[in-house]
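Input: a single structure, listed below in structure tokens.
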Amino acid sequence: MHNKGKRVMELEEIRDIRQRKRVQTILITLLVVGLTIWSALGTDFSVYEVFSGLGLISNFVFIDLLPPDVSTSGSLLGAILETLYMGFVGMVVGAMIALVLSFLAAGTTTPHPIIQVVVRAFTSIIRNIPGLIWALILVASYGIGVTVGTLSLILGSVGFLTRVFADTLEEIDTGKIEALNATGSSYLQVLAQGVFPQFIPGFVAWSLYNLELNIRASTIIGMVGGGGIGFAIQKGIKLFQYKEVSMAIILVLVLILSTEFLTSKIRERII
Amino acid sequence: MSELEKSSDNIYSLNRNEDNNEMIVKPKKDFFIKGVLIFGCLFFLFSLYELNIDYSNLLEGTVAFFIMLGDMFPPNISEWAYVLPAAIESLQVAILGTVIAVVISLVLAFLAAENLAPNKWVARIVKSFATLMRVIPTIIWALIFIVAVGLGPLPGVLAIAVHSLGMLIKVFAQSVEEMDGGKIEALKASGAGSVQIIAQGVIPTVLTALMAWTILRLEIDIGESTILGLVGAGGIGWELMRAMRSYDFNTALFITMVIFVMIFSVEMLSNRLKLKV
Amino acid sequence: MEPILKIENLDKVYPDGTVALSNINFNVYPGEFVVVIGPSGAGKSTLLRCMNRLVEPTNGNVIFKDKKINKANSKQVKQIRREIGMVFQNFNLIDRLTVLNNVLHGRLGYTNTIKGSLGIFSKKDITEAEEILARVGLSKQKYKRADELSGGQMQRVGISRALSQRPRLILADEPIASLDPASSKNIMDHIYNICTEDKITAIVNLHQVEVAIKYATRIIGIQNGEVIFDGQPSQLTDKVIDEIYHDRRPPLVHAQ
Amino acid sequence: MEPILKIENLDKVYPDGTVALSNINFNVYPGEFVVVIGPSGAGKSTLLRCMNRLVEPTNGNVIFKDKKINKANSKQVKQIRREIGMVFQNFNLIDRLTVLNNVLHGRLGYTNTIKGSLGIFSKKDITEAEEILARVGLSKQKYKRADELSGGQMQRVGISRALSQRPRLILADEPIASLDPASSKNIMDHIYNICTEDKITAIVNLHQVEVAIKYATRIIGIQNGEVIFDGQPSQLTDKVIDEIYHDRRPPLVHAQ
Amino acid sequence: ACGDDANASEGDNGDGWPDKISYGVLPGEEDTEISRAHDLFAEDMSEELGIEVELFQGEDYNAVIEAMRSKKLDMASFGPFSYIIAQERSNAVPIAVRAKSEEDATYNSWIVVPDESDAETVEDLKDKTILFADPASTSGHLFPRGMFIDELGITNDEIESYFSSVSFSGSHDNSILAIAAGDADAAGVCSTCVERAIEGGMVSESDFRIIKESDPIPSSPITYRGDLPESLVEAIKEFVYNYDNETYFEKAGDSESRYIPVDESDYDIIRNTAKNLDMSPEDLLSN
Ligand SMILES: Nc1ncnc2c1ncn2[C@@H]1O[C@H](COP(=O)(O)OP(=O)(O)OP(=O)(O)O)[C@@H](O)[C@H]1O
Ligand SMILES: Nc1ncnc2c1ncn2[C@@H]1O[C@H](COP(=O)(O)OP(=O)(O)OP(=O)(O)O)[C@@H](O)[C@H]1O
Ligand SMILES: [Mg+2]
Ligand SMILES: [Mg+2]
């Protein structure tokens with residue numbers, strides 16, 4: 001009897017929790033809708049204007065941007081390669097640094113919680129200051145050119161990769177780590193033999209994805225003096241050589257698609 | 001009892017048999033991976049060589065960098081009356097752009113996911129379209145939309161929406177593709193239509209992933225909206241440029257801190273939600 | 001008595017050339033509890049999935065209550081599927097939804113698209129779903145999320161979902177393969193009792209021969225995509241079993 | 001005979017206030033095959049994990065070969081753990097490494113940090129690991145990746161890893177709970193035979209009472225964190241079982 | 001579609017005036033400061049004209065030119081070079097520049113070298129590295145390039161081979177910083193930008209030397225879109241020429257300055273230079 005009464009209570013409790021969750025969901029939804037409306041008002045959003053502008057867009061795209069000026073592809077090739085070099089170096093160096101930092105920043109592997117907090121705060125600052133701002137500051141201190149481009153890509157990679165690496169490390173099955181602990185292994189051995197093998201697929205996949213990000217980011221960084229195809233795009237825009245710009249974009253597209261293709265092949269083999 | 005014994009012996013010998021039938025698989029020497037590794041190292045060195053980075057400058061620059069950081073302190077908040085409204089405008093641009101992108105990508109992602117798309121080609125076309133949207137830099141999108149709707153925050157919203165759309169379609173579709181096909185089949189088997197399957201089966205299953213991506217995108221978009229200030233979309237990016245151009249580094253630091261706080265609070269929010277979802 | 005399901009000359013060749021079924025013929029009569037056994041890869045799952053056209057047959061007919069499923073258009077297929085409940089090895093519940101909501105998914109086929117998509121179901125459907133949950137002993141769990149349940153409980157939800165379709169036929173593809181022995185027994189009891197009480201016809205794929213013998217009213221043995229045994233459990237001699245599994249007979253369900 | 005393991009007044013209170021163990025006392029003698037049974041949440045896992053200090057005891061002593069594990073510093077803990085092999089319910093193998101490498105992990109505690117981290121093991125260790133694999137019938141699989149194995153094979157690797165520590169004591173926490181009945185028997189046989197042949201003491205948590213009765217030389221029944229039975233399998237009457245599980249006795253492992 | 005748009009924005013003011021005027025402001029490269037003053041200017045103009053004036057400030061003149069071209073923008077301030085493009089592409093007509101006097105309405109382009117450099121004249125720069133600001137900069141590219149061609153007697157195409165390397169720094173600031181650090185052998189920069197950088201403490205006067213100064217460059221004009229109603233243009237001109245809000249000019253950099261009328265011909269020097277360099281609007285916009 002007693003038992004039964006208790007169980008009924010439980011059921012009601014669960015229903016209460018469900019209902020509270022439902023109320024929570026509704027509140028969150030309302031909040032999001034509210035924020036959206038607030039933003040729409042603040043930015044004078046008008047669907048009418050968007051649609052009435054479609055004609056102008058197509059004029060611009062089909063008359064000014066297209067067709068791409070193929071004759072410039074030769075001179076753009078150097079720039080796109082430079083972008084690739086920057087992106088790749090940024091990825092490799094960034095991944096190496098992030099590898100160390102992420103082991104310090106992940107709850108599962110950190111030697112000490114204080115180190116974890118410090119590293120997390122540090123990378124959070126790097127990550128949450130937009131690349132453009134980094135580039136502006138870096139240009140002021142290192143001068144112009146690929147050095148700055150590469151440096152800001154490294155910074156961006158470190159910020160991004162440390163976070164995703166640390167998340168990956170935290171998702172690692174702790175049971176397996178425990179199993180190695182139970183054999184009397186030392187901290188480093190557990191990291192190297194237990195954590196690292198599980199971490200490799202994530203490490204490779206995210207690093208390769210970061211390469212793509214870097215290539216795209218370099219189109220922005222190039223605009224403030226970071227070199228590469230971004231600068232070519234910027235130059236094209238400023239001189240109204242829009243057809244050259246569209247050619248450059250096509251080259252970026254090709255580069256991104258080929259990295260995407262290659263990286264997916266590599267990912268398949270490694271995972 | 002004896003029968004049981006017998007059957008269990010069978011099991012044992014069965015296992016043995018199975019083991020004997022298999023050859024020892026020697027550790028695979030994966031030349032592909034080795035090749036990729038070696039190529040990667042060589043390419044890294046080659047890239048470094050091609051970039052021709054001036055390492056002596058690296059040291060000087062780092063000194064200059066820290067001197068400059070030092071110069072930036074303390075932040076100058078006297079311009080707050082301009083900076084904060086601009087920050088709010090950037091935030092609004094980012095929020096609205098992200099929301100529009102999320103709504104549209106929710107439809108397109110289902111067309112882009114190969115396990116739900118009407119056919120493979122629809123999926124491929126939508127996906128390539130998404131790639132193109134991602135590859136065109138936000139600044140160019142902004143220019144395209146300025147032609148259409150004039151200056152101000154609106155082209156910024158649209159540029160962010162389109163650029164985000166490119167990424168969200170891809171990652172949403174990926175989450176949907178990763179979903180366990182059995183769950184979709186189970187609903188199919190009960191006679192549910194495709195809209196019902198998506199609404200009742202797919203969305204609840206991938207919701208967490210969608211929310212995580214959305215919030216990550218919002219973070220990125222706040223960063224992007226600061227760039228858009230430069231093309232007349234207003235907002236905090238222009239304030240930052242203004243400060244940098246007039247060598248007002250202390251104000252620039254303040255603006256950077258405001259941007260940091262905006263993005264960081266979204267990151268905090270996402271961490272909170274991760275615990276809850 | 002009219003058969004509820006007729007399988008006529010059914011073939012299935014997968015696009016990669018695998019012949020999963022060849023020339024299958026049998027009828028299932030109302031009230032039967034058919035268990036399909038056979039070694040891994042024999043084609044059991046393919047057969048079951050052809051029955052509600054989750055897999056497209058290559059040749060032959062699947063006739064459910066005089067309607068050719070393989071000839072039906074997509075609307076008709078949905079209507080036929082509504083009357084056929086299906087239970088899966090790995091349950092296939094929607095994790096983040098409540099148990100009740102998962103059971104109500106069985107009603108989607110009867111609900112209009114908008115309402116169904118929004119998860120709005122009629123009072124009657126809900127009451128009925130609750131009754132079904134009570135029957136399988138999950139009343140207390142109805143507001144829990146599906147992923148908070150144990151495997152056995154999840155499968156009971158799977159069964160409830162199928163039942164809420166008010167099916168004439170239940171297909172179950174290895175419903176107990178990922179359960180521990182105790183839950184397995186519980187689940188088989190539930191399926192068996194409910195089908196008997198509600199006069200639902202059942203076709204169940206199983207790996208465990210003893211379980212098949214215990215519950216089936218009829219056993220169909222499949223090997224290499226062909227029916228090589230079809231009869232009463234009592235007719236299933238050790239010799240026949242050996243033949244079905246060649247010498248790949250699955251280990252028995254004993255720990256002792 | 002000297003006990004190999006002494007548990008004295010052991011308490012465990014988790015930080016959230018859950019009293020998982022209270023005042024546990026018993027000795028384990030060399031060569032015993034102890035099976036711990038008890039309902040879910042009784043504290044079986046906690047007890048086992050206190051023994052090699054994967055869980056920090058709140059009070060009391062765990063004395064392994066005259067060394068107080070609960071008082072040992074981190075270096076000593078590692079040395080003690082080397083002599084205690086552990087087998088887990090979900091195997092806890094490192095998926096992407098080979099079977100052999102996983103077995104060699106049992107030698108990490110004896111290998112210097114750098115070599116161990118790089119996965120460099122002595123010729124002798126490797127030969128021995130191969131011998132162990134041969135014993136559990138996995139010679140052919142030694143170069144396979146651990147995640148390419150079946151559950152039963154994985155558990156055999158888990159056992160091999162524990163064995164390669166050349167342990168005096170093996171702890172196994174529900175080693176067969178995620179296995180099918182046939183593999184379960186196989187695994188229990190392996191654990192039992194190896195422990196008997198090599199004179200390794202074993203403490204095994206199990207849910208299946210029959211299995212416990214079949215293998216154990218001694219059974220300890222736990223309920224609510226207290227030992228309520230400690231004796232020979234033959235002493236384990238139905239009444240005692242009922243008491244251990246209250247009326248929450250797990251359904252027996254029979255489908256028929 | 002464009003015509004429709006223009007009509008759509010016309011209000012019910014009898015003279016076909018629009019409901020509101022949109023005004024885009026770019027920081028001219030010679031501006032001493034990007035000021036907050038433009039708000040004030042827009043407000044005052046709105047009051048004077050009796051219609052709303054909406055202000056947009058940005059960094060990117062493409063945005064302003066394109067917006068004006070698609071009639072989304074009625075008035076804009078441009079740099080000298082961007083003005084001649086805007087004239088061609090967007091039908092922009094200049095009204096006035098802000099200056100103390102006619103003579104003051106110009107600035108210069110300098111060729112600078114690091115202080116420790118041996119170079120005394122432009123000829124000494126053969127096979128040296130040259131830095132321009134950005135490709136579309138009047139004083140950071142157009143004029144310096146023009147000076148090289150005039151002084152060295154080479155053609156535009158020979159510039160790249162005459163020097164060891166020619167590159168763009170992205171901005172005047174970057175250029176002068178690079179010179180101060182000795183990263184480049186010479187750079188073309190605008191006079192006022194360098195002065196501003198010195199005030200800002202980024203470089204000191206002793207870091208560099210000027211080896212060549214250009215002819216005066218007319219400074220940045222306020223413009224309107226050519227197809228605005230005549231009467232509105234008149235009203236705007238009247239407002240601008242008579243504008244004397246001290247606070248505004250003070251904030252804009254110099255309380256002494258006023259708006260001085262300019263017309264198209266004042267920018268012929270830019271057009272000619274651009275033409276010599278194949279950078280005239282016709283060249284740029286033809287493709
Ligand atoms: N989608 C598919 N494409 C190609 N071949 C398939 C596909 N699905 C199944 N097969 C093949 O068809 C044959 C029958 O498979 P099916 O899954 O029906 O066997 P099963 O009897 O259910 O086996 P199990 O007991 O392992 O579930 C097998 O050889 C299998 O490899
Ligand atoms: N980390 C923990 N924090 C708090 N409470 C815990 C923790 N681990 C276990 N418990 C609680 O301690 C009690 C004993 O748990 P334990 O896992 O030892 O039981 P068990 O007998 O192994 O159960 P099962 O048969 O389900 O594995 C339970 O009430 C459990 O909820
Ligand atoms: Mg199957
Ligand atoms: Mg346990």
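Ligands are numbered from 1 in the order shown, residues from 1 within each chain, and chains are lettered A, B, ... in the order they appear in the structure tokens.
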
Least-squares superpose chain D onto chain C - every C-alpha atom, paired in order - and show me the moved coordinates as a CSV table (one decimal) with C-alpha atoms, in the first residue's frame.
```csv
chain,number,residue,atom,x,y,z
D,1,MET,CA,-10.3,-19.4,-43.9
D,2,GLU,CA,-8.9,-16.6,-46.1
D,3,PRO,CA,-5.3,-16.0,-45.6
D,4,ILE,CA,-4.4,-12.5,-44.3
D,5,LEU,CA,-1.2,-12.4,-46.1
D,6,LYS,CA,-0.1,-14.2,-49.3
D,7,ILE,CA,3.4,-14.3,-50.5
D,8,GLU,CA,3.6,-15.4,-54.2
D,9,ASN,CA,6.8,-16.2,-56.0
D,10,LEU,CA,8.6,-13.5,-54.1
D,11,ASP,CA,12.2,-12.7,-55.3
D,12,LYS,CA,14.5,-10.0,-54.0
D,13,VAL,CA,17.8,-9.2,-55.6
D,14,TYR,CA,19.7,-6.3,-54.0
D,15,PRO,CA,21.3,-3.8,-56.4
D,16,ASP,CA,24.7,-5.2,-55.7
D,17,GLY,CA,23.5,-8.6,-57.0
D,18,THR,CA,22.9,-10.3,-53.7
D,19,VAL,CA,20.0,-12.7,-54.1
D,20,ALA,CA,18.4,-12.3,-50.7
D,21,LEU,CA,15.1,-14.1,-51.5
D,22,SER,CA,14.2,-16.5,-54.3
D,23,ASN,CA,10.8,-17.8,-55.1
D,24,ILE,CA,9.2,-17.6,-51.7
D,25,ASN,CA,5.6,-18.8,-51.4
D,26,PHE,CA,3.4,-19.1,-48.4
D,27,ASN,CA,0.2,-17.9,-46.9
D,28,VAL,CA,-0.4,-16.7,-43.4
D,29,TYR,CA,-3.8,-17.1,-41.8
D,30,PRO,CA,-5.4,-14.9,-39.2
D,31,GLY,CA,-4.4,-15.7,-35.7
D,32,GLU,CA,-1.2,-17.5,-36.6
D,33,PHE,CA,2.0,-16.8,-34.7
D,34,VAL,CA,4.6,-17.5,-37.3
D,35,VAL,CA,8.3,-17.6,-36.3
D,36,VAL,CA,10.8,-17.3,-39.1
D,37,ILE,CA,14.2,-18.9,-38.3
D,38,GLY,CA,17.3,-19.2,-40.3
D,39,PRO,CA,21.0,-18.5,-40.2
D,40,SER,CA,22.4,-15.0,-40.4
D,41,GLY,CA,22.1,-13.6,-43.9
D,42,ALA,CA,19.4,-16.1,-44.8
D,43,GLY,CA,17.0,-13.4,-45.8
D,44,LYS,CA,14.7,-13.2,-42.8
D,45,SER,CA,14.9,-9.5,-42.4
D,46,THR,CA,14.5,-9.0,-46.2
D,47,LEU,CA,11.4,-11.2,-46.2
D,48,LEU,CA,9.8,-9.3,-43.3
D,49,ARG,CA,10.6,-5.9,-44.8
D,50,CYS,CA,9.2,-6.9,-48.2
D,51,MET,CA,5.9,-7.5,-46.4
D,52,ASN,CA,5.3,-3.8,-45.7
D,53,ARG,CA,7.5,-2.7,-48.6
D,54,LEU,CA,10.3,-1.2,-46.6
D,55,VAL,CA,12.2,-3.2,-49.1
D,56,GLU,CA,11.0,-3.2,-52.7
D,57,PRO,CA,10.4,-6.8,-53.9
D,58,THR,CA,12.1,-7.6,-57.2
D,59,ASN,CA,9.5,-10.1,-58.4
D,60,GLY,CA,6.3,-11.7,-57.1
D,61,ASN,CA,3.5,-10.5,-55.0
D,62,VAL,CA,2.8,-9.7,-51.4
D,63,ILE,CA,-0.9,-9.6,-50.9
D,64,PHE,CA,-2.2,-8.2,-47.7
D,65,LYS,CA,-6.0,-8.6,-47.2
D,66,ASP,CA,-6.4,-8.9,-51.0
D,67,LYS,CA,-4.4,-5.8,-51.7
D,68,LYS,CA,-1.1,-6.2,-53.6
D,69,ILE,CA,1.3,-4.2,-51.6
D,70,ASN,CA,3.9,-4.4,-54.3
D,71,LYS,CA,1.6,-2.8,-56.8
D,72,ALA,CA,0.2,-0.1,-54.5
D,73,ASN,CA,0.9,3.6,-55.0
D,74,SER,CA,2.5,5.6,-52.2
D,75,LYS,CA,-0.8,6.6,-50.7
D,76,GLN,CA,-2.1,3.0,-50.7
D,77,VAL,CA,1.2,1.8,-49.2
D,78,LYS,CA,0.8,4.2,-46.3
D,79,GLN,CA,-2.8,2.9,-45.8
D,80,ILE,CA,-1.6,-0.7,-45.8
D,81,ARG,CA,1.3,0.1,-43.5
D,82,ARG,CA,-1.1,1.5,-40.9
D,83,GLU,CA,-2.6,-1.9,-40.5
D,84,ILE,CA,0.7,-3.6,-40.1
D,85,GLY,CA,2.6,-2.9,-36.9
D,86,MET,CA,6.3,-3.4,-36.9
D,87,VAL,CA,8.7,-4.1,-34.0
D,88,PHE,CA,12.4,-3.7,-34.4
D,89,GLN,CA,15.5,-5.2,-32.9
D,90,ASN,CA,16.9,-2.0,-31.7
D,91,PHE,CA,13.5,-0.5,-30.9
D,92,ASN,CA,13.9,2.6,-33.0
D,93,LEU,CA,12.2,4.9,-30.6
D,94,ILE,CA,12.7,8.6,-30.9
D,95,ASP,CA,15.0,9.2,-27.9
D,96,ARG,CA,14.1,12.7,-26.9
D,97,LEU,CA,10.3,12.3,-27.0
D,98,THR,CA,8.3,10.9,-24.2
D,99,VAL,CA,7.2,7.3,-24.0
D,100,LEU,CA,3.6,8.4,-24.6
D,101,ASN,CA,4.5,10.4,-27.6
D,102,ASN,CA,6.4,7.5,-29.1
D,103,VAL,CA,3.4,5.3,-28.7
D,104,LEU,CA,1.2,7.9,-30.3
D,105,HIS,CA,3.5,7.7,-33.4
D,106,GLY,CA,1.5,4.6,-34.1
D,107,ARG,CA,-1.4,6.9,-34.8
D,108,LEU,CA,0.4,9.2,-37.2
D,109,GLY,CA,-1.0,7.2,-40.2
D,110,TYR,CA,-4.5,8.1,-39.1
D,111,THR,CA,-3.8,11.7,-38.2
D,112,ASN,CA,-3.8,14.6,-40.6
D,113,THR,CA,-0.4,15.7,-41.7
D,114,ILE,CA,-0.3,19.1,-39.9
D,115,LYS,CA,-1.6,17.8,-36.6
D,116,GLY,CA,0.6,14.8,-36.7
D,117,SER,CA,3.6,16.9,-37.4
D,118,LEU,CA,2.9,19.1,-34.5
D,119,GLY,CA,2.4,16.1,-32.3
D,120,ILE,CA,-1.3,16.9,-31.6
D,121,PHE,CA,-3.4,13.8,-31.2
D,122,SER,CA,-7.0,13.3,-30.3
D,123,LYS,CA,-8.1,12.6,-26.8
D,124,LYS,CA,-9.2,9.2,-27.8
D,125,ASP,CA,-5.8,8.3,-29.2
D,126,ILE,CA,-4.2,9.4,-26.1
D,127,THR,CA,-6.5,7.4,-23.8
D,128,GLU,CA,-5.9,4.4,-25.9
D,129,ALA,CA,-2.2,4.8,-25.9
D,130,GLU,CA,-2.3,5.0,-22.1
D,131,GLU,CA,-4.3,1.9,-22.0
D,132,ILE,CA,-1.8,0.1,-24.1
D,133,LEU,CA,1.0,1.3,-21.9
D,134,ALA,CA,-0.9,0.0,-18.9
D,135,ARG,CA,-1.1,-3.3,-20.5
D,136,VAL,CA,2.6,-3.6,-21.0
D,137,GLY,CA,3.2,-2.3,-17.5
D,138,LEU,CA,4.6,1.1,-18.4
D,139,SER,CA,1.9,3.4,-17.0
D,140,LYS,CA,4.4,4.9,-14.6
D,141,GLN,CA,6.9,5.6,-17.3
D,142,LYS,CA,4.6,7.4,-19.8
D,143,TYR,CA,6.1,10.8,-19.3
D,144,LYS,CA,9.7,9.6,-19.2
D,145,ARG,CA,11.9,10.3,-22.2
D,146,ALA,CA,12.4,7.1,-24.2
D,147,ASP,CA,16.1,7.2,-23.7
D,148,GLU,CA,15.7,7.0,-20.0
D,149,LEU,CA,14.3,3.4,-20.2
D,150,SER,CA,16.0,0.1,-20.0
D,151,GLY,CA,16.2,-2.1,-23.1
D,152,GLY,CA,13.3,-4.2,-22.1
D,153,GLN,CA,11.2,-1.2,-21.3
D,154,MET,CA,12.1,0.3,-24.7
D,155,GLN,CA,11.0,-2.7,-26.5
D,156,ARG,CA,7.7,-2.6,-24.6
D,157,VAL,CA,7.3,0.9,-25.9
D,158,GLY,CA,8.1,-0.4,-29.4
D,159,ILE,CA,5.4,-3.0,-29.1
D,160,SER,CA,3.0,-0.4,-27.8
D,161,ARG,CA,3.7,1.8,-30.8
D,162,ALA,CA,2.9,-1.1,-33.1
D,163,LEU,CA,-0.3,-1.8,-31.1
D,164,SER,CA,-1.5,1.7,-31.2
D,165,GLN,CA,-1.8,1.3,-34.9
D,166,ARG,CA,-4.6,-1.2,-34.1
D,167,PRO,CA,-2.9,-3.5,-36.5
D,168,ARG,CA,-4.2,-6.7,-38.1
D,169,LEU,CA,-0.7,-8.0,-38.5
D,170,ILE,CA,2.5,-7.5,-36.4
D,171,LEU,CA,5.9,-8.0,-37.9
D,172,ALA,CA,8.8,-8.3,-35.5
D,173,ASP,CA,12.4,-8.5,-36.7
D,174,GLU,CA,14.4,-10.1,-33.9
D,175,PRO,CA,12.6,-8.2,-31.2
D,176,ILE,CA,14.7,-9.8,-28.5
D,177,ALA,CA,18.1,-9.9,-30.0
D,178,SER,CA,19.5,-7.0,-28.1
D,179,LEU,CA,17.9,-7.9,-24.8
D,180,ASP,CA,19.1,-9.9,-21.9
D,181,PRO,CA,17.5,-13.2,-21.3
D,182,ALA,CA,15.1,-12.0,-18.6
D,183,SER,CA,13.8,-9.1,-20.6
D,184,SER,CA,13.6,-11.4,-23.6
D,185,LYS,CA,11.2,-13.7,-22.0
D,186,ASN,CA,9.1,-10.8,-20.8
D,187,ILE,CA,9.0,-9.3,-24.3
D,188,MET,CA,8.1,-12.6,-26.0
D,189,ASP,CA,5.4,-13.1,-23.4
D,190,HIS,CA,4.0,-9.7,-24.1
D,191,ILE,CA,4.0,-10.1,-27.8
D,192,TYR,CA,2.5,-13.6,-27.6
D,193,ASN,CA,-0.2,-12.7,-25.1
D,194,ILE,CA,-1.3,-9.6,-26.8
D,195,CYS,CA,-1.4,-11.1,-30.2
D,196,THR,CA,-3.5,-14.0,-28.8
D,197,GLU,CA,-5.8,-11.8,-26.8
D,198,ASP,CA,-6.4,-9.3,-29.6
D,199,LYS,CA,-6.4,-11.9,-32.4
D,200,ILE,CA,-3.5,-10.2,-34.1
D,201,THR,CA,-1.5,-12.3,-36.6
D,202,ALA,CA,2.2,-12.2,-35.9
D,203,ILE,CA,5.3,-12.9,-37.9
D,204,VAL,CA,8.4,-12.9,-35.9
D,205,ASN,CA,12.1,-13.4,-36.9
D,206,LEU,CA,14.1,-15.1,-34.2
D,207,HIS,CA,17.6,-16.5,-33.8
D,208,GLN,CA,16.8,-18.6,-30.8
D,209,VAL,CA,15.3,-21.9,-31.9
D,210,GLU,CA,14.0,-22.8,-28.4
D,211,VAL,CA,12.2,-19.5,-28.1
D,212,ALA,CA,10.7,-20.2,-31.5
D,213,ILE,CA,9.5,-23.6,-30.5
D,214,LYS,CA,8.1,-22.3,-27.3
D,215,TYR,CA,5.9,-19.6,-28.8
D,216,ALA,CA,5.3,-20.4,-32.5
D,217,THR,CA,2.1,-21.9,-33.8
D,218,ARG,CA,4.1,-22.3,-37.0
D,219,ILE,CA,7.7,-22.2,-37.9
D,220,ILE,CA,9.2,-21.2,-41.3
D,221,GLY,CA,12.9,-22.1,-41.8
D,222,ILE,CA,14.8,-20.1,-44.3
D,223,GLN,CA,18.2,-20.7,-45.8
D,224,ASN,CA,19.8,-18.9,-48.6
D,225,GLY,CA,16.7,-17.0,-49.4
D,226,GLU,CA,14.5,-20.1,-49.7
D,227,VAL,CA,11.9,-21.7,-47.5
D,228,ILE,CA,13.3,-25.1,-46.5
D,229,PHE,CA,10.9,-25.8,-43.6
D,230,ASP,CA,7.4,-24.8,-43.0
D,231,GLY,CA,5.5,-26.6,-40.3
D,232,GLN,CA,4.5,-27.1,-36.7
D,233,PRO,CA,7.1,-26.6,-34.0
D,234,SER,CA,6.7,-30.2,-33.1
D,235,GLN,CA,7.9,-31.1,-36.6
D,236,LEU,CA,11.1,-29.2,-36.1
D,237,THR,CA,13.4,-32.1,-35.3
D,238,ASP,CA,17.0,-31.7,-34.5
D,239,LYS,CA,17.8,-33.0,-37.9
D,240,VAL,CA,15.7,-30.2,-39.6
D,241,ILE,CA,17.4,-27.6,-37.3
D,242,ASP,CA,20.8,-28.9,-38.4
D,243,GLU,CA,19.7,-28.6,-41.9
D,244,ILE,CA,18.5,-25.1,-41.6
D,245,TYR,CA,21.6,-24.0,-39.9
D,246,HIS,CA,23.8,-26.4,-41.8
D,247,ASP,CA,26.6,-26.7,-39.3
D,248,ARG,CA,26.1,-23.1,-38.5
D,249,ARG,CA,23.5,-23.8,-35.9
D,250,PRO,CA,23.7,-21.0,-33.3
D,251,PRO,CA,24.9,-22.2,-30.0
D,252,LEU,CA,22.0,-22.8,-27.6
D,253,VAL,CA,20.9,-20.3,-25.1
D,254,HIS,CA,22.4,-21.9,-22.1
D,255,ALA,CA,25.3,-20.8,-20.0
D,256,GLN,CA,25.1,-23.9,-17.8
```

* Asked: chain A residues within 12 Å of chain E, counting only C-alpha atoms: which ones, as a PyMOL selection string?
  -> chain A and resi 49+52-60+63-69+71+135-146+148+221-228+230-244

* Asked: Quick one: distance from CA of Leu104 (chain A) to CA of Glu219 (chain B) in Å, one decimal?
  -> 23.8 Å

* Enumerate as a ChimeraX atom specification the residues belonging to chain B that approach chain E to within 12 Å, with only C-alpha atoms taken into account. => /B:54,56-57,60-61,64,67-68,71,79,81-83,86,139-153,155-156,227-250

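Residues in contact with Met72 (chain B) at 8 Å, where only C-alpha atoms are counted and same-chain residues fewer than 2 positions away are skipped, are listed as Met68, Leu69, Gly70, Pro74, Pro75, Phe249, Asn250, Thr251, Ala252 and Leu253 of chain B.
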
* Exercise: region 140-148 of chain E partners within 7 Å, only C-alpha atoms, chain neighbours under 4 positions left out, as a PyMOL selection string -> chain E and resi 109+111+132-136+152+172+188-190+214+273-274

* Those of region 9-256 of chain C in DSSP strand (DSSP E), formatted as an MDAnalysis selection string -> chainID C and resid 9:13 19:28 33:37 59:64 67:68 84:87 169:173 201:205 218:223 226:231

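Of note, CA of Phe165 (chain A) and CA of Ala192 (chain A) are spaced 15.3 Å apart.
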
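Neighbours of Gly78 (chain A) closer than or equal to 12 Å, with only C-alpha atoms counted and sequence neighbours fewer than 3 positions away skipped, come out as A:Thr72, A:Ser73, A:Gly74, A:Ser75, A:Leu81, A:Glu82, A:Thr83, A:Leu84, A:Tyr85, A:Gly227, A:Gly228, A:Ile229, A:Gly230, A:Phe231, A:Ala232, A:Ala248, A:Leu251, B:Glu50, B:Leu51.
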
* Contact residues around Ile184 (chain B) with only C-alpha atoms at 9 Å, ignoring same-chain residues under 6 positions, as a PyMOL selection string -> (chain B and resi 197-198+201-202) or (chain C and resi 92)
